[in-house]
Amino acid sequence: MPRIPAVDPAHATGRAKELLDGPLKGKHFNIFKSMAGSPALLEMYLGIGGAMGKSSLTMKEQEVIQLAIAQAQSCDYCTAAHTAIGKMHGLSEAQTIEARRGRLTDPRLNALARFALAIHEKKGFVSDADVEALKAAGFAEQQMGEVLGSYIQMMFTSTFNHMNNTPSDFPPPPKL
């Protein structure tokens, strides 16, 4: 049971209604309905998402990061959501599982997952070797920062879901 009551989009008012009827129209997932209890929080989420939508990382690449960190964070909601979203952006089911394990057969995608997990495990204190491995896979300094942005986005949503006990409205992901 969620700790923050979900806002019913049909009965939303004020800024919550504007957000649920505007940028989130047709995306009335449990996470957003609970975040709508604090429109400032929902706007923060949308701000991060909007900024990452302008990233030079593809959506497929961002989903690899999201899956690796969702699994590392033990967020069932995020793992289920990003398994479905990752498939919509071109990841195969096998790649969604590989991303959750933090080891992909595709060297470029693997470098992204490994770098994101290094950020997570080392609390941002990545090594020169971590940076060089990302660069060796063809990523530039700009993209190193964007990996951090995608990581922050997942930490935000997974921590919210843990705090809120958000019920998933996505199919369960395959078992590891």
# chains A, B, ... in the order shown; residues from 1 in each chain; ligands from 1
call {"tool": "residues_around", "arguments": {"residues": "region 33-36 of chain A", "least_positions_apart": "2", "cutoff": "12 Å", "atoms": "only C-alpha atoms", "output": "CSV table (one decimal) with C-alpha atoms, in the first residue's frame"}}
result
chain,number,residue,atom,x,y,z
A,1,MET,CA,0.0,0.0,0.0
A,2,PRO,CA,1.5,3.4,-1.0
A,3,ARG,CA,2.3,5.7,1.8
A,4,ILE,CA,1.5,8.8,-0.3
A,5,PRO,CA,-2.1,8.6,-1.6
A,6,ALA,CA,-2.3,8.5,-5.3
A,7,VAL,CA,-4.0,11.5,-6.9
A,8,ASP,CA,-6.9,10.4,-9.1
A,9,PRO,CA,-6.3,12.2,-12.4
A,10,ALA,CA,-10.0,12.6,-12.9
A,11,HIS,CA,-10.3,14.5,-9.6
A,12,ALA,CA,-6.9,16.4,-9.7
A,13,THR,CA,-6.9,20.1,-9.2
A,14,GLY,CA,-4.4,22.9,-9.6
A,15,ARG,CA,-0.8,22.2,-10.7
A,16,ALA,CA,-1.3,18.5,-10.2
A,17,LYS,CA,-4.1,18.5,-12.8
A,18,GLU,CA,-2.0,20.6,-15.2
A,19,LEU,CA,0.8,18.1,-15.0
A,20,LEU,CA,-1.3,15.0,-15.2
A,21,ASP,CA,-3.4,16.4,-18.1
A,24,LEU,CA,1.8,13.1,-18.3
A,25,LYS,CA,-1.5,12.7,-20.3
A,26,GLY,CA,-1.9,9.0,-21.0
A,27,LYS,CA,0.9,8.1,-18.6
A,28,HIS,CA,-1.1,7.9,-15.3
A,29,PHE,CA,1.2,5.3,-13.7
A,30,ASN,CA,1.2,4.8,-9.9
A,31,ILE,CA,4.5,6.6,-9.5
A,38,SER,CA,3.5,17.1,-4.3
A,39,PRO,CA,3.4,18.9,-7.7
A,40,ALA,CA,6.9,20.3,-6.9
A,41,LEU,CA,8.2,16.7,-6.7
A,42,LEU,CA,6.5,15.8,-9.9
A,43,GLU,CA,7.9,18.9,-11.6
A,44,MET,CA,11.4,17.9,-10.4
A,45,TYR,CA,10.9,14.4,-12.0
A,46,LEU,CA,9.7,16.0,-15.2
A,156,PHE,CA,15.4,9.7,-7.6
A,157,THR,CA,12.7,7.3,-8.8
A,160,PHE,CA,10.8,7.5,-4.1
A,161,ASN,CA,9.4,4.1,-4.8
A,163,MET,CA,9.9,5.4,0.5
A,164,ASN,CA,6.4,5.3,-0.9
A,165,ASN,CA,6.0,1.6,-1.4
A,166,THR,CA,4.6,2.3,-4.8
A,167,PRO,CA,2.7,-0.7,-6.2
A,168,SER,CA,3.9,-1.7,-9.7
A,169,ASP,CA,1.6,-1.3,-12.7
call {"tool": "select_by_dssp", "arguments": {"residues": "chain A", "states": "alpha helix (DSSP H)", "output": "ChimeraX atom specification"}}
result
/A:14-21,30-35,39-52,59-72,76-88,93-101,107-121,128-136,141-164
call {"tool": "atom_distance", "arguments": {"atom1": "CA of His120 (chain A)", "atom2": "CA of Ser92 (chain A)"}}
result
24.4 Å
call {"tool": "residues_around", "arguments": {"residues": "Arg101 (chain A)", "least_positions_apart": "6", "cutoff": "8 Å", "atoms": "only C-alpha atoms", "output": "MDAnalysis selection string"}}
result
chainID A and resid 68 71 176
call {"tool": "write_last_selection", "arguments": {"atoms": "N, CA and C atoms", "output": "PDB file, in the first residue's frame"}}
result
ATOM      1  N   ALA A  68      20.382  -1.200 -15.051  1.00  0.00           N
ATOM      2  CA  ALA A  68      21.504  -1.591 -14.188  1.00  0.00           C
ATOM      3  C   ALA A  68      21.327  -1.009 -12.791  1.00  0.00           C
ATOM      4  N   GLN A  71      18.212  -2.413 -10.760  1.00  0.00           N
ATOM      5  CA  GLN A  71      18.539  -3.703 -10.143  1.00  0.00           C
ATOM      6  C   GLN A  71      19.468  -3.507  -8.944  1.00  0.00           C
ATOM      7  N   LEU A 176      16.127 -13.271 -12.821  1.00  0.00           N
ATOM      8  CA  LEU A 176      17.560 -13.347 -13.150  1.00  0.00           C
ATOM      9  C   LEU A 176      18.074 -14.749 -12.878  1.00  0.00           C
TER      10      LEU A 176
END
call {"tool": "atom_distance", "arguments": {"atom1": "CA of Ala129 (chain A)", "atom2": "CA of Ala113 (chain A)"}}
result
14.7 Å
call {"tool": "atom_distance", "arguments": {"atom1": "CA of Gln66 (chain A)", "atom2": "CA of Gly86 (chain A)"}}
result
8.8 Å
call {"tool": "closest_residue", "arguments": {"among": "A:Ala137, A:Ala116, A:Glu132, A:Ile152", "to": "Ile48 (chain A)", "atoms": "only C-alpha atoms"}}
result
A:Ile152
call {"tool": "closest_residue", "arguments": {"among": "A:Leu104, A:Ala80, A:Cys75, A:Ile119", "to": "Gly149 (chain A)", "atoms": "only C-alpha atoms"}}
result
A:Ile119
